[in-house]
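Data file: coords15.txt. Format and content: compact mmCIF, C-alpha atoms.
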```txt
# COMPACT_ATOMS: atom_id res chain seq x y z
CA MET A 18 17.51 -1.26 4.67
CA LYS A 19 14.37 0.69 5.37
CA VAL A 20 11.22 -1.18 6.35
CA SER A 21 9.32 0.49 3.53
CA ARG A 22 11.86 -0.83 1.02
CA LEU A 23 11.63 -4.28 2.55
CA ILE A 24 7.85 -4.24 2.25
CA GLY A 25 8.11 -2.93 -1.29
CA THR A 26 10.45 -5.75 -2.25
CA ALA A 27 8.13 -8.34 -0.72
CA VAL A 28 5.10 -6.88 -2.50
CA LEU A 29 6.98 -6.79 -5.79
CA GLY A 30 8.02 -10.40 -5.23
CA PHE A 31 4.41 -11.33 -4.59
CA LEU A 32 3.22 -9.59 -7.76
CA PHE A 33 6.08 -10.86 -9.92
CA PHE A 34 5.65 -14.47 -8.87
CA GLY A 35 1.89 -14.07 -9.25
CA PHE A 36 2.29 -12.95 -12.85
CA VAL A 37 4.80 -15.74 -13.45
CA ALA A 38 2.16 -18.18 -12.20
CA ILE A 39 -0.37 -16.67 -14.60
CA ASP A 40 2.16 -16.96 -17.43
CA LEU A 41 2.72 -20.62 -16.58
CA VAL A 42 -1.05 -21.20 -16.75
CA LEU A 43 -1.36 -19.34 -20.05
CA PHE A 44 1.49 -21.33 -21.57
CA GLY A 45 -0.07 -24.60 -20.46
CA VAL A 46 2.55 -25.52 -17.88
CA LEU A 47 0.12 -25.37 -14.95
CA ALA A 48 -3.58 -26.20 -14.90
CA LEU A 49 -5.88 -23.34 -13.96
CA ASN A 50 -6.95 -25.09 -10.78
CA SER A 51 -3.41 -26.02 -9.73
CA VAL A 52 -2.52 -25.17 -6.15
CA MET A 53 0.80 -23.81 -7.44
CA VAL A 54 -1.09 -20.85 -8.90
CA THR A 55 -1.96 -19.91 -5.33
CA VAL A 56 1.35 -20.87 -3.74
CA LEU A 57 3.78 -19.19 -6.15
CA PRO A 58 2.94 -15.56 -5.21
CA PHE A 59 3.49 -16.35 -1.52
CA ILE A 60 6.78 -18.05 -2.33
CA GLY A 61 7.76 -14.81 -4.08
CA LEU A 62 6.64 -12.74 -1.13
CA LEU A 63 8.61 -14.84 1.37
CA LEU A 64 11.67 -15.17 -0.83
CA CYS A 65 11.92 -11.45 -1.47
CA ALA A 66 11.18 -10.62 2.17
CA VAL A 67 13.97 -12.95 3.30
CA LEU A 68 16.36 -11.44 0.77
CA GLY A 69 15.36 -8.00 2.00
CA VAL A 70 15.96 -8.97 5.63
CA LEU A 71 19.34 -10.46 4.79
CA ALA A 72 20.30 -7.32 2.93
CA SER A 73 19.16 -5.13 5.82
CA ARG A 74 21.31 -6.86 8.44
CA PRO A 75 23.93 -4.56 9.95
CA ARG A 76 27.19 -5.03 8.11
CA THR A 77 30.76 -4.44 9.01
CA ARG A 78 33.62 -4.71 6.60
CA PRO A 79 35.81 -7.71 7.40
CA LEU A 80 39.09 -6.78 8.97
CA ALA A 81 42.06 -7.42 6.77
CA MET B 7 -38.06 -32.14 -15.86
CA ARG B 8 -36.51 -30.49 -18.88
CA PRO B 9 -34.20 -33.23 -20.05
CA THR B 10 -31.72 -30.78 -21.50
CA ARG B 11 -30.72 -29.80 -18.05
CA TRP B 12 -29.01 -32.98 -16.98
CA ILE B 13 -25.74 -32.75 -15.29
CA PHE B 14 -23.65 -34.00 -18.12
CA VAL B 15 -25.51 -31.95 -20.54
CA GLY B 16 -24.42 -29.19 -18.25
CA LEU B 17 -20.94 -30.62 -18.29
CA LEU B 18 -20.88 -30.56 -22.03
CA PHE B 19 -22.33 -27.09 -21.97
CA GLY B 20 -19.43 -26.26 -19.74
CA LEU B 21 -17.14 -27.61 -22.40
CA LEU B 22 -18.77 -25.25 -24.80
CA VAL B 23 -18.34 -22.34 -22.49
CA VAL B 24 -14.69 -22.80 -21.62
CA GLY B 25 -13.30 -23.91 -24.88
CA SER B 26 -13.93 -25.35 -28.20
CA SER B 27 -11.10 -27.59 -29.24
CA GLY B 28 -8.48 -28.98 -27.01
CA PRO B 29 -7.67 -31.91 -24.91
CA ALA B 30 -10.31 -32.88 -22.42
CA ALA B 31 -10.80 -35.64 -19.91
CA ALA B 32 -13.87 -36.79 -18.06
CA GLN B 33 -14.64 -38.82 -15.02
CA LEU B 34 -18.18 -39.90 -14.46
CA GLY B 35 -19.79 -41.27 -11.35
CA GLY B 36 -23.41 -42.37 -10.95
CA GLU B 37 -26.11 -43.77 -13.20
CA CYS B 38 -25.97 -41.28 -16.01
CA THR B 39 -24.52 -40.73 -19.46
CA ALA B 40 -23.42 -37.70 -21.42
CA SER B 41 -21.84 -37.22 -24.79
CA GLY B 42 -21.24 -34.55 -27.39
CA VAL B 43 -20.27 -34.36 -31.03
CA TRP B 44 -18.57 -31.25 -32.38
CA GLN B 45 -20.02 -30.87 -35.86
CA ASN B 46 -17.20 -28.99 -37.60
CA LYS B 47 -14.28 -30.59 -35.85
CA GLY B 48 -15.77 -34.08 -35.88
CA LEU B 49 -14.82 -34.56 -32.25
CA THR B 50 -16.85 -36.99 -30.15
CA VAL B 51 -16.67 -36.95 -26.38
CA ASP B 52 -18.36 -39.60 -24.28
CA ALA B 53 -18.01 -38.72 -20.62
CA ALA B 54 -18.19 -42.37 -19.59
CA THR B 55 -15.29 -43.54 -21.73
CA ILE B 56 -12.94 -40.64 -22.23
CA GLY B 57 -11.27 -41.17 -18.87
CA ASN B 58 -8.35 -38.91 -18.09
CA ASP B 59 -7.69 -37.79 -21.62
CA LEU B 60 -7.42 -34.08 -22.14
CA VAL B 61 -9.98 -32.78 -24.63
CA THR B 62 -9.13 -29.98 -27.04
CA VAL B 63 -12.12 -28.11 -28.36
CA PRO B 64 -12.37 -25.46 -31.10
CA ARG B 65 -12.99 -21.82 -30.26
CA LYS B 66 -16.31 -21.95 -32.07
CA ASP B 67 -18.43 -24.82 -33.23
CA THR B 68 -21.81 -26.48 -32.83
CA VAL B 69 -22.14 -29.39 -30.46
CA ASP B 70 -24.80 -32.06 -30.66
CA TRP B 71 -25.23 -33.26 -27.11
CA THR B 72 -27.13 -36.01 -25.35
CA GLY B 73 -27.64 -36.82 -21.70
CA SER B 74 -29.56 -39.35 -19.68
CA VAL B 75 -30.15 -40.71 -16.20
CA GLY B 76 -31.02 -44.25 -15.11
CA SER B 77 -34.66 -43.72 -14.21
CA ALA B 78 -37.26 -41.01 -13.72
CA PRO B 79 -35.54 -38.30 -11.70
CA GLY B 80 -38.44 -36.88 -9.70
CA THR B 81 -37.27 -33.75 -7.99
CA TYR B 82 -33.84 -32.81 -9.25
CA ARG B 83 -31.19 -30.12 -9.11
CA GLY B 84 -27.69 -29.70 -10.36
CA SER B 85 -25.00 -27.37 -11.56
CA VAL B 86 -21.83 -27.21 -13.58
CA TRP B 87 -18.86 -25.08 -12.67
CA LEU B 88 -15.31 -24.11 -13.54
CA GLU B 89 -12.68 -25.13 -10.99
CA LEU B 90 -10.38 -22.32 -9.83
CA PRO B 91 -7.15 -22.61 -7.87
CA PRO B 92 -7.64 -22.87 -4.12
CA PRO B 93 -8.89 -20.97 -2.17
CA PHE B 94 -10.93 -19.33 -4.94
CA GLY B 95 -13.29 -22.28 -5.25
CA LYS B 96 -15.38 -22.33 -8.39
CA VAL B 97 -17.32 -20.26 -10.87
CA GLU B 98 -20.77 -21.57 -11.64
CA ILE B 99 -21.48 -21.84 -15.34
CA ASP B 100 -25.03 -23.14 -15.21
CA SER B 101 -27.52 -24.66 -12.79
CA TRP B 102 -30.90 -26.30 -12.99
CA HIS B 103 -33.68 -27.64 -10.81
CA GLY B 104 -37.24 -28.91 -11.08
CA THR B 105 -39.40 -32.01 -11.11
CA GLY B 106 -39.93 -34.42 -14.00
CA THR B 107 -40.05 -37.93 -15.38
CA ASN B 108 -37.95 -37.67 -18.54
CA THR B 109 -34.79 -39.75 -18.41
CA ALA B 110 -32.99 -38.43 -21.48
CA ASN B 111 -32.58 -35.35 -23.56
CA SER B 112 -30.56 -34.06 -26.47
CA GLY B 113 -30.00 -30.93 -28.47
CA SER B 114 -27.51 -28.73 -30.28
CA LYS B 115 -25.61 -25.76 -28.99
CA THR B 116 -23.66 -23.29 -31.09
CA TYR B 117 -20.98 -21.41 -29.26
CA SER B 118 -18.20 -18.94 -29.97
CA LEU B 119 -15.66 -18.23 -27.28
CA PRO B 120 -14.33 -14.69 -27.02
CA LYS B 121 -10.67 -13.95 -27.69
CA PHE B 122 -9.90 -13.32 -24.05
CA VAL B 123 -10.49 -16.98 -23.24
CA PRO B 124 -6.91 -18.26 -23.48
CA ALA B 125 -6.05 -21.18 -25.73
CA GLY B 126 -3.94 -24.05 -24.49
CA VAL B 127 -4.91 -23.57 -20.86
CA GLU B 128 -6.17 -26.63 -19.04
CA PHE B 129 -9.55 -26.00 -17.43
CA THR B 130 -11.40 -28.44 -15.22
CA VAL B 131 -15.15 -28.30 -15.57
CA SER B 132 -17.08 -30.22 -12.95
CA GLY B 133 -20.76 -30.96 -12.57
CA GLU B 134 -23.26 -32.60 -10.34
CA HIS B 135 -26.84 -33.75 -10.80
CA ILE B 136 -28.90 -34.82 -7.81
CA ASP B 137 -32.32 -36.44 -8.08
CA SER B 138 -34.41 -39.07 -6.35
CA ASN B 139 -32.12 -41.80 -7.75
CA GLY B 140 -29.00 -40.38 -6.20
CA VAL B 141 -26.07 -38.28 -7.27
CA CYS B 142 -24.36 -38.20 -10.63
CA SER B 143 -21.17 -36.19 -10.77
CA GLY B 144 -18.14 -35.82 -12.95
CA SER B 145 -15.41 -33.60 -14.25
CA VAL B 146 -13.88 -32.90 -17.61
CA ARG B 147 -10.47 -31.43 -18.42
CA VAL B 148 -10.60 -29.27 -21.49
CA GLN B 149 -8.52 -26.76 -23.36
CA VAL B 150 -9.26 -24.43 -26.22
CA GLU B 151 -7.55 -25.14 -29.50
CA GLY B 152 -4.70 -22.82 -30.34
CA GLY B 153 -1.59 -21.33 -28.81
CA PRO B 154 -0.98 -18.95 -25.93
CA PHE B 155 -0.54 -15.94 -28.20
CA ASP B 156 -4.03 -16.30 -29.63
CA SER B 157 -5.36 -14.40 -26.64
CA PRO B 158 -4.54 -10.77 -25.69
CA VAL B 159 -4.54 -11.92 -22.08
CA THR B 160 -1.14 -13.53 -22.66
CA TYR B 161 0.39 -10.27 -23.88
CA ALA B 162 -1.05 -8.40 -20.90
CA ALA B 163 0.29 -11.01 -18.50
CA LEU B 164 3.75 -10.87 -20.05
CA VAL B 165 3.83 -7.06 -19.90
CA LEU B 166 2.82 -7.15 -16.23
CA THR B 167 5.46 -9.80 -15.53
CA ILE B 168 8.14 -7.58 -17.02
CA ALA B 169 6.71 -4.48 -15.31
CA THR B 170 7.10 -6.12 -11.90
CA GLY B 171 10.18 -8.19 -12.67
CA GLY B 172 12.23 -5.20 -13.80
CA PRO B 173 11.92 -3.16 -10.59
CA LEU B 174 12.30 -6.34 -8.52
CA ALA B 175 15.52 -7.23 -10.32
CA ALA B 176 16.79 -3.69 -9.81
CA LEU B 177 16.02 -3.87 -6.08
CA LEU B 178 17.65 -7.26 -5.68
CA LEU B 179 20.70 -6.18 -7.67
CA GLY B 180 21.00 -3.12 -5.46
CA MET B 181 20.87 -5.31 -2.38
CA ALA B 182 23.43 -7.70 -3.80
CA LYS B 183 25.79 -4.86 -4.65
CA ALA B 184 25.42 -3.41 -1.16
CA ALA B 185 26.01 -6.81 0.39
CA ILE B 186 29.11 -7.40 -1.70
CA ALA B 187 30.44 -3.92 -1.01
CA ALA B 188 30.04 -4.46 2.74
CA GLY B 189 31.43 -7.97 2.78
CA PHE B 190 28.87 -10.63 2.03
CA GLY B 191 26.60 -11.42 4.96
CA GLY B 192 28.11 -8.64 7.09
CA ALA B 193 27.66 -8.65 10.86
CA SER B 194 30.61 -10.46 12.29
```
Mind turning the file's structure into structure tokens?
Amino acid sequence: MKVSRLIGTAVLGFLFFGFVAIDLVLFGVLALNSVMVTVLPFIGLLLCAVLGVLASRPRTRPLA
Amino acid sequence: MRPTRWIFVGLLFGLLVVGSSGPAAAQLGGECTASGVWQNKGLTVDAATIGNDLVTVPRKDTVDWTGSVGSAPGTYRGSVWLELPPPFGKVEIDSWHGTGTNTANSGSKTYSLPKFVPAGVEFTVSGEHIDSNGVCSGSVRVQVEGGPFDSPVTYAALVLTIATGGPLAALLLGMAKAAIAAGFGGAS
């Protein structure tokens, strides 16, 4: 996996989880001043970065 | 001192600013009182007794408010603000300062919140009044009456969620397919 794609995935994860956090606030699940509003985007960033790293590991097909 | 500028008057003004009907809760510390009556809704909020209840306020109404401190304040200052998630801190709604001897004030405030202020969202409005008697501070949890789809902000947020979630799902699916095709986890 290219580094640019990895970064792109992490940034998308950050944005997606950020908007999910905003949705949760708007639907009354989280309070506006909840720390989760801050934490969720970084969880998304880390999660997607980890997934990207896992996917970018060198692979070999298992021998039959 | 202009009595209308007491901290809990400010707090109630904050209520007016961030919402008009919804659950709200207040915690009050110090020798002071504050209360408000929403004329159309018939809602009464006394900051000293409402405790942790959430207050729901209407989007527009007129509030009759009162506020007082224990004794002549002398030189005073204070502010009321909206709490944001950390590390964003707060947004100041109003502030006041001066010198005076009045211990109480009251008035009416008509407000109308714009559509972009989302309904059903829990806001925490905090305030502080400092004078020669000490510090009076408190916070109120409020929400605007209505549902999430009353505000265009909700639609925008949902569109942006889909706009980022779609490409992210496509990327992750691509990765998963590649991982499966190569033997999950690879590198052995």
Applying 7 Å and all atoms listed in the file, which residues near Ala125 of chain B remain after dropping the ones on its own chain fewer than 5 positions away? List them as a PDB file with C-alpha atoms, in the frame of the given file.
```
ATOM      1  CA  GLN B 149      -8.520 -26.760 -23.360  1.00  0.00           C
ATOM      2  CA  VAL B 150      -9.260 -24.430 -26.220  1.00  0.00           C
ATOM      3  CA  GLU B 151      -7.550 -25.140 -29.500  1.00  0.00           C
ATOM      4  CA  GLY B 152      -4.700 -22.820 -30.340  1.00  0.00           C
ATOM      5  CA  GLY B 153      -1.590 -21.330 -28.810  1.00  0.00           C
ATOM      6  CA  PRO B 154      -0.980 -18.950 -25.930  1.00  0.00           C
ATOM      7  CA  ASP B 156      -4.030 -16.300 -29.630  1.00  0.00           C
ATOM      8  CA  SER B 157      -5.360 -14.400 -26.640  1.00  0.00           C
TER       9      SER B 157
END
```
Check your understanding: Hey, can you pull every residue with an atom no more than 6 Å from (-11.4, -26.9, -18.2), using only C-alpha atoms, and send it as a ChimeraX atom specification?
Key -> /B:128-131,147-149
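Picture a line from atom CA of Ser112 of chain B to atom CA of Val127 of chain B; it runs 28.3 Å.
Using all atoms listed in the file, the shortest contact distance between Val54 of chain A and any of B:Gly133, B:Gly80, B:Gly42, B:Pro92 is found at B:Pro92.
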Tell me which protein, DNA and RNA residues are within 12 Å of Ser51 of chain A, counting all atoms listed in the file, leaving out same-chain ones fewer than 3 positions away, and put them as a short mmCIF file (atom, residue, chain, number, x, y, z; two decimals) with C-alpha atoms, in the frame of the given file.
```cif
data_model
loop_
_atom_site.label_atom_id
_atom_site.label_comp_id
_atom_site.auth_asym_id
_atom_site.auth_seq_id
_atom_site.Cartn_x
_atom_site.Cartn_y
_atom_site.Cartn_z
CA ALA A 38 2.16 -18.18 -12.20
CA ILE A 39 -0.37 -16.67 -14.60
CA LEU A 41 2.72 -20.62 -16.58
CA VAL A 42 -1.05 -21.20 -16.75
CA GLY A 45 -0.07 -24.60 -20.46
CA VAL A 46 2.55 -25.52 -17.88
CA LEU A 47 0.12 -25.37 -14.95
CA ALA A 48 -3.58 -26.20 -14.90
CA VAL A 54 -1.09 -20.85 -8.90
CA THR A 55 -1.96 -19.91 -5.33
CA VAL A 56 1.35 -20.87 -3.74
CA LEU A 57 3.78 -19.19 -6.15
CA GLU B 89 -12.68 -25.13 -10.99
CA LEU B 90 -10.38 -22.32 -9.83
CA PRO B 91 -7.15 -22.61 -7.87
CA PRO B 92 -7.64 -22.87 -4.12
CA PRO B 93 -8.89 -20.97 -2.17
CA PHE B 94 -10.93 -19.33 -4.94
CA GLY B 95 -13.29 -22.28 -5.25
CA VAL B 127 -4.91 -23.57 -20.86
CA GLU B 128 -6.17 -26.63 -19.04
CA PHE B 129 -9.55 -26.00 -17.43
CA THR B 130 -11.40 -28.44 -15.22
#
```
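For the residues B:Leu174, B:Val141, B:Ala54, B:Ile136, ranking by smallest atom-to-atom distance to Leu29 of chain A using only C-alpha atoms places B:Leu174 first.
Here atom CA of Thr68 of chain B and atom CA of His103 of chain B stand 25.0 Å from one another.
Nearest residue to Arg83 of chain B, choosing from B:Val61, B:Ile99, B:Ala53, B:Cys142 and counting all atoms listed in the file: B:Cys142.
The nearest approach to Ser132 of chain B among the residues B:Lys96, B:Arg65, B:Lys183, B:Lys115, with all atoms listed in the file taken into account, belongs to B:Lys96.
Separating atom CA of Tyr82 of chain B from atom CA of Gly106 of chain B is a distance of 7.9 Å.
Take the candidates B:Ser77, B:Thr72, B:Ser118, B:Leu60 and check each one against chain A using all atoms listed in the file; the shortest distance goes to B:Leu60.
Of the listed residues (A:Ile60, A:Val67, A:Gly30, A:Ile24), A:Gly30 comes nearest to chain B; the distances count all atoms listed in the file.
For Leu32 of chain A, the non-local neighbours within 10 Å, defined as residues at least 5 positions apart in the same chain or in other chains and counting all atoms listed in the file, are Thr26, Ala27, Val37, Ala38, Leu57, Pro58, Phe59, Gly61 and Leu62 of chain A; Leu166, Thr167, Ala169, Thr170, Gly171 and Leu174 of chain B.
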To box segment 82-86 of chain B, take all atoms listed in the file, fit an axis-aligned box, add 8 Å on each side, and give centre and edge lengths in Å to one decimal, as JSON.
```
{"center_x": -27.8, "center_y": -30.0, "center_z": -11.3, "size_x": 28.0, "size_y": 21.6, "size_z": 20.5}
```
